[in-house]
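Visitor: Once you've had a glance at the structure underneath, I'll fire off some questions.
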Protein chains: 2
Amino acid sequence: MAGNKKHKFSERENEIAMLAKALAHPARIYLLETISKRKFVSLWELVTITPLAQATISQHIKELLKAGLIEVIQQGPFSNFHTRPEVFGRLEKLLLPIIRKNKR
Amino acid sequence: MAGNKKHKFSERENEIAMLAKALAHPARIYLLETISKRKFVSLWELVTITPLAQATISQHIKELLKAGLIEVIQQGPFSNFHTRPEVFGRLEKLLLPIIRKNKR
DNA sequence: ATGCCAAATCGCATATTTGCGATATACGAT
DNA sequence: ATCGTATATCGCAAATATGCGATTTGGCAT
């Protein structure tokens, strides 16, 4: 079964896996890049341009928030999202060495 | 339900997600780095140093193979794994722009 | 308070992932 | 051919992820 064996691996390995998991769905890549491009996007706007139901988009956004890749700033009835530079820096710090070591 | 909506997103988004998914488990990060460090490792060796059952490790290795991150070369009864530089290069090409654009 | 809109959450169905014991397969040595 | 070792695969159980309709929540205006 899927009994949690995560404690068997290092904090670092778990952190990399956690961040990678947040990126492991095309909808989340799309949402992330849209938020990134526009700097500031509301969920309502994401709903209008994404081929998924509002509930589903809300769910994916929650995943991105949980991983810390994006942040929300409430503006009236709107949730405005933007990316969190520190966490992308962390991602670079964790992932680049692995990529660099193995890339052609 | 989880009906496949992947076709609703671009090839590129799907490729990034596919590679990220391969990295989205601490055991796979651990296996990948071990294979990377030693340049050439058999599954038997991985089994002796990884806190998971042989069947489970075999499964994770299969995921890494499917994503193209590693390759196997049979040597007698041993499966020797090594990383695939082209695919890490691809990963860099796809992921770095996103990271760079958003990092602090 | 009522109505309206954006967003989050609930509840459910289905799909996929994770883990492993058991079994099957492949290879080398004898 | 038989044995021993190394891997892969099967079959199952449980956990988690995905998707969405329906409902709830929160804010703003009137």
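Order determines the names: the first chain of the structure tokens is A, the second B, and so forth; residues in each chain are numbered 1 upward, and ligands are numbered 1 upward as they are shown.
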I'd like the neighbourhood of Phe88 (chain A) as a list of chain:residue names, where a residue qualifies if any of its atoms comes within 9 Å (using only C-alpha atoms (C1' of nucleotides)), though same-chain residues fewer than 3 positions away should be ignored.

Guide: A:Leu69, A:Thr83, A:Arg84, A:Pro85, A:Leu91, A:Glu92, A:Lys93, B:Ile98, B:Ile99, B:Arg100, B:Lys101, B:Asn102, B:Lys103, B:Arg104

Visitor: Tell me the residues of chain C close to chain A, meaning within 10 Å using only C-alpha atoms (C1' of nucleotides), as a PyMOL selection string.

Guide: chain C and resi 5-9+17-20

Visitor: Pull N, CA and C atoms (P, O5', C5', C4', C3', O3' and C1' of nucleotides) from the residues just selected and write them as a PDB file, in the first residue's frame.

Guide:
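As written to disk, result36.pdb reads:
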```pdb
ATOM      1  P    DC C   5     -24.337  39.368 -11.190  1.00  0.00           P
ATOM      2  O5'  DC C   5     -22.814  39.010 -10.880  1.00  0.00           O
ATOM      3  C5'  DC C   5     -21.866  40.076 -10.725  1.00  0.00           C
ATOM      4  C4'  DC C   5     -20.774  39.623  -9.785  1.00  0.00           C
ATOM      5  C3'  DC C   5     -19.970  38.417 -10.281  1.00  0.00           C
ATOM      6  O3'  DC C   5     -18.648  38.845 -10.550  1.00  0.00           O
ATOM      7  C1'  DC C   5     -20.495  38.253  -7.956  1.00  0.00           C
ATOM      8  P    DA C   6     -17.669  37.760 -11.258  1.00  0.00           P
ATOM      9  O5'  DA C   6     -16.717  37.352 -10.049  1.00  0.00           O
ATOM     10  C5'  DA C   6     -15.971  38.359  -9.386  1.00  0.00           C
ATOM     11  C4'  DA C   6     -15.214  37.751  -8.231  1.00  0.00           C
ATOM     12  C3'  DA C   6     -14.331  36.563  -8.615  1.00  0.00           C
ATOM     13  O3'  DA C   6     -13.075  36.737  -7.982  1.00  0.00           O
ATOM     14  C1'  DA C   6     -15.866  35.922  -6.927  1.00  0.00           C
ATOM     15  P    DA C   7     -11.887  35.713  -8.291  1.00  0.00           P
ATOM     16  O5'  DA C   7     -12.157  34.670  -7.136  1.00  0.00           O
ATOM     17  C5'  DA C   7     -12.058  35.127  -5.789  1.00  0.00           C
ATOM     18  C4'  DA C   7     -12.340  33.989  -4.836  1.00  0.00           C
ATOM     19  C3'  DA C   7     -11.535  32.716  -5.115  1.00  0.00           C
ATOM     20  O3'  DA C   7     -10.638  32.563  -4.027  1.00  0.00           O
ATOM     21  C1'  DA C   7     -13.847  32.259  -4.638  1.00  0.00           C
ATOM     22  P    DA C   8      -9.796  31.230  -3.793  1.00  0.00           P
ATOM     23  O5'  DA C   8     -10.730  30.380  -2.815  1.00  0.00           O
ATOM     24  C5'  DA C   8     -11.152  30.954  -1.602  1.00  0.00           C
ATOM     25  C4'  DA C   8     -11.975  29.941  -0.825  1.00  0.00           C
ATOM     26  C3'  DA C   8     -11.315  28.575  -0.674  1.00  0.00           C
ATOM     27  O3'  DA C   8     -11.395  28.207   0.693  1.00  0.00           O
ATOM     28  C1'  DA C   8     -13.493  28.343  -1.602  1.00  0.00           C
ATOM     29  P    DT C   9     -10.737  26.864   1.246  1.00  0.00           P
ATOM     30  O5'  DT C   9     -12.000  25.896   1.298  1.00  0.00           O
ATOM     31  C5'  DT C   9     -13.163  26.325   1.983  1.00  0.00           C
ATOM     32  C4'  DT C   9     -14.273  25.307   1.778  1.00  0.00           C
ATOM     33  C3'  DT C   9     -13.827  23.851   1.973  1.00  0.00           C
ATOM     34  O3'  DT C   9     -14.686  23.279   2.947  1.00  0.00           O
ATOM     35  C1'  DT C   9     -15.092  24.109  -0.013  1.00  0.00           C
ATOM     36  P    DT C  17       0.303   7.812 -12.451  1.00  0.00           P
ATOM     37  O5'  DT C  17       0.567   7.596 -10.892  1.00  0.00           O
ATOM     38  C5'  DT C  17       0.162   8.595  -9.999  1.00  0.00           C
ATOM     39  C4'  DT C  17       0.583   8.237  -8.576  1.00  0.00           C
ATOM     40  C3'  DT C  17       1.950   7.558  -8.446  1.00  0.00           C
ATOM     41  O3'  DT C  17       2.618   8.209  -7.384  1.00  0.00           O
ATOM     42  C1'  DT C  17       0.283   6.252  -7.384  1.00  0.00           C
ATOM     43  P    DT C  18       4.145   7.920  -7.026  1.00  0.00           P
ATOM     44  O5'  DT C  18       4.013   6.858  -5.847  1.00  0.00           O
ATOM     45  C5'  DT C  18       3.356   7.238  -4.660  1.00  0.00           C
ATOM     46  C4'  DT C  18       3.241   6.054  -3.727  1.00  0.00           C
ATOM     47  C3'  DT C  18       4.527   5.228  -3.573  1.00  0.00           C
ATOM     48  O3'  DT C  18       4.905   5.265  -2.206  1.00  0.00           O
ATOM     49  C1'  DT C  18       2.620   3.843  -3.870  1.00  0.00           C
ATOM     50  P    DG C  19       6.293   4.628  -1.715  1.00  0.00           P
ATOM     51  O5'  DG C  19       5.877   3.134  -1.367  1.00  0.00           O
ATOM     52  C5'  DG C  19       5.004   2.902  -0.272  1.00  0.00           C
ATOM     53  C4'  DG C  19       4.725   1.421  -0.179  1.00  0.00           C
ATOM     54  C3'  DG C  19       5.968   0.542  -0.345  1.00  0.00           C
ATOM     55  O3'  DG C  19       6.249  -0.096   0.885  1.00  0.00           O
ATOM     56  C1'  DG C  19       4.076  -0.295  -1.551  1.00  0.00           C
ATOM     57  P    DC C  20       7.527  -1.010   1.100  1.00  0.00           P
ATOM     58  O5'  DC C  20       6.929  -2.443   0.796  1.00  0.00           O
ATOM     59  C5'  DC C  20       5.807  -2.896   1.530  1.00  0.00           C
ATOM     60  C4'  DC C  20       5.319  -4.197   0.937  1.00  0.00           C
ATOM     61  C3'  DC C  20       6.432  -5.216   0.664  1.00  0.00           C
ATOM     62  O3'  DC C  20       6.049  -6.457   1.183  1.00  0.00           O
ATOM     63  C1'  DC C  20       5.046  -4.986  -1.206  1.00  0.00           C
TER      64       DC C  20
END
```

Visitor: Quick one: which residues from chain A are at most 7 Å off chain B, using only C-alpha atoms, as a CSV table (one decimal) with C-alpha atoms, in the first residue's frame?

Guide:
```csv
chain,number,residue,atom,x,y,z
A,6,LYS,CA,8.7,9.8,3.2
A,8,LYS,CA,12.9,7.4,5.2
A,9,PHE,CA,14.4,10.0,3.0
A,13,GLU,CA,14.9,14.9,-1.0
A,14,ASN,CA,11.4,15.5,0.3
A,17,ALA,CA,10.0,16.0,-4.5
A,18,MET,CA,7.4,18.3,-2.9
A,20,ALA,CA,8.4,18.9,-8.3
A,21,LYS,CA,5.0,17.5,-7.4
A,23,LEU,CA,4.8,21.2,-11.2
A,24,ALA,CA,3.7,17.7,-12.1
A,25,HIS,CA,0.5,18.7,-13.9
A,26,PRO,CA,0.1,20.5,-17.2
A,27,ALA,CA,-2.7,22.7,-15.8
A,29,ILE,CA,2.3,24.7,-15.4
A,30,TYR,CA,-0.2,26.7,-17.5
A,36,SER,CA,4.0,34.8,-14.0
A,51,PRO,CA,-10.3,24.8,-20.1
A,83,THR,CA,4.6,34.2,-7.9
A,85,PRO,CA,10.6,34.7,-6.0
A,86,GLU,CA,12.2,33.2,-2.9
A,88,PHE,CA,11.7,29.8,-7.2
A,89,GLY,CA,15.2,30.7,-6.0
A,92,GLU,CA,16.9,26.7,-8.6
A,99,ILE,CA,20.6,19.1,-13.8
A,102,ASN,CA,23.9,15.3,-15.5
A,103,LYS,CA,23.2,17.4,-18.5
A,104,ARG,CA,25.0,17.1,-21.8
```

Visitor: Compute the chain D side of the contact with chain A at 9 Å, counting only C-alpha atoms (C1' of nucleotides), and hand it back as a list of chain:residue names.

Guide: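 The contacting residues on chain D are D:DC12, D:DA13, D:DA14, D:DA15, D:DT16, D:DT18, D:DG19, D:DC20, D:DG26, D:DG27, D:DC28.
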
Visitor: Store the residues picked out above in a file with N, CA and C atoms (P, O5', C5', C4', C3', O3' and C1' of nucleotides), as a short mmCIF file (atom, residue, chain, number, x, y, z; two decimals), in the first residue's frame.

Guide:
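out-v9.cif was written with the following content:
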```
data_model
loop_
_atom_site.label_atom_id
_atom_site.label_comp_id
_atom_site.auth_asym_id
_atom_site.auth_seq_id
_atom_site.Cartn_x
_atom_site.Cartn_y
_atom_site.Cartn_z
P DC D 12 -5.96 -10.30 -7.65
"O5'" DC D 12 -6.01 -9.41 -6.34
"C5'" DC D 12 -5.40 -9.91 -5.15
"C4'" DC D 12 -4.86 -8.78 -4.33
"C3'" DC D 12 -5.87 -7.72 -3.90
"O3'" DC D 12 -6.30 -8.01 -2.59
"C1'" DC D 12 -3.70 -6.83 -4.41
P DA D 13 -7.46 -7.11 -1.94
"O5'" DA D 13 -6.67 -5.96 -1.17
"C5'" DA D 13 -5.69 -6.30 -0.19
"C4'" DA D 13 -5.11 -5.04 0.40
"C3'" DA D 13 -6.16 -3.99 0.79
"O3'" DA D 13 -5.81 -3.46 2.05
"C1'" DA D 13 -4.63 -3.05 -0.74
P DA D 14 -6.87 -2.54 2.82
"O5'" DA D 14 -6.20 -1.10 2.67
"C5'" DA D 14 -4.85 -0.96 3.11
"C4'" DA D 14 -4.31 0.32 2.57
"C3'" DA D 14 -5.20 1.55 2.86
"O3'" DA D 14 -4.42 2.49 3.54
"C1'" DA D 14 -4.53 1.48 0.57
P DA D 15 -5.07 3.91 3.95
"O5'" DA D 15 -4.34 4.91 2.94
"C5'" DA D 15 -2.93 4.81 2.80
"C4'" DA D 15 -2.48 5.76 1.71
"C3'" DA D 15 -3.03 7.18 1.87
"O3'" DA D 15 -1.96 8.08 1.73
"C1'" DA D 15 -3.51 6.33 -0.30
P DT D 16 -2.17 9.62 2.03
"O5'" DT D 16 -2.28 10.22 0.55
"C5'" DT D 16 -1.27 9.89 -0.39
"C4'" DT D 16 -1.73 10.28 -1.77
"C3'" DT D 16 -2.23 11.73 -1.90
"O3'" DT D 16 -1.37 12.36 -2.82
"C1'" DT D 16 -3.62 10.19 -3.06
P DT D 18 -2.92 15.77 -9.56
"O5'" DT D 18 -4.37 15.61 -10.19
"C5'" DT D 18 -4.58 14.58 -11.13
"C4'" DT D 18 -6.02 14.55 -11.54
"C3'" DT D 18 -6.61 15.92 -11.93
"O3'" DT D 18 -7.01 15.83 -13.28
"C1'" DT D 18 -8.08 14.68 -10.53
P DG D 19 -7.46 17.13 -14.08
"O5'" DG D 19 -9.03 17.15 -13.83
"C5'" DG D 19 -9.82 16.11 -14.39
"C4'" DG D 19 -11.25 16.29 -13.97
"C3'" DG D 19 -11.74 17.74 -14.04
"O3'" DG D 19 -12.74 17.82 -15.03
"C1'" DG D 19 -12.41 16.65 -12.02
P DC D 20 -13.41 19.20 -15.41
"O5'" DC D 20 -14.72 19.19 -14.53
"C5'" DC D 20 -15.60 18.09 -14.64
"C4'" DC D 20 -16.66 18.19 -13.57
"C3'" DC D 20 -17.28 19.59 -13.46
"O3'" DC D 20 -18.68 19.45 -13.41
"C1'" DC D 20 -16.65 18.80 -11.36
P DG D 26 -16.73 33.20 5.76
"O5'" DG D 26 -16.46 34.35 4.70
"C5'" DG D 26 -15.34 34.26 3.83
"C4'" DG D 26 -15.32 35.46 2.91
"C3'" DG D 26 -15.64 36.77 3.64
"O3'" DG D 26 -14.67 37.74 3.26
"C1'" DG D 26 -17.07 36.49 1.76
P DG D 27 -14.69 39.17 3.98
"O5'" DG D 27 -15.05 40.11 2.74
"C5'" DG D 27 -14.25 40.06 1.56
"C4'" DG D 27 -14.94 40.82 0.45
"C3'" DG D 27 -15.31 42.25 0.83
"O3'" DG D 27 -14.83 43.12 -0.18
"C1'" DG D 27 -17.22 41.07 0.01
P DC D 28 -14.81 44.68 0.13
"O5'" DC D 28 -15.97 45.16 -0.83
"C5'" DC D 28 -15.96 44.72 -2.20
"C4'" DC D 28 -17.26 45.14 -2.88
"C3'" DC D 28 -17.75 46.53 -2.47
"O3'" DC D 28 -17.95 47.30 -3.64
"C1'" DC D 28 -19.48 44.92 -2.26
#
```

Visitor: So how far away is CA of Thr34 (chain B) from C1' of DA24 (chain C), in Å?

Guide: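 These two atoms are separated by 28.2 Å.
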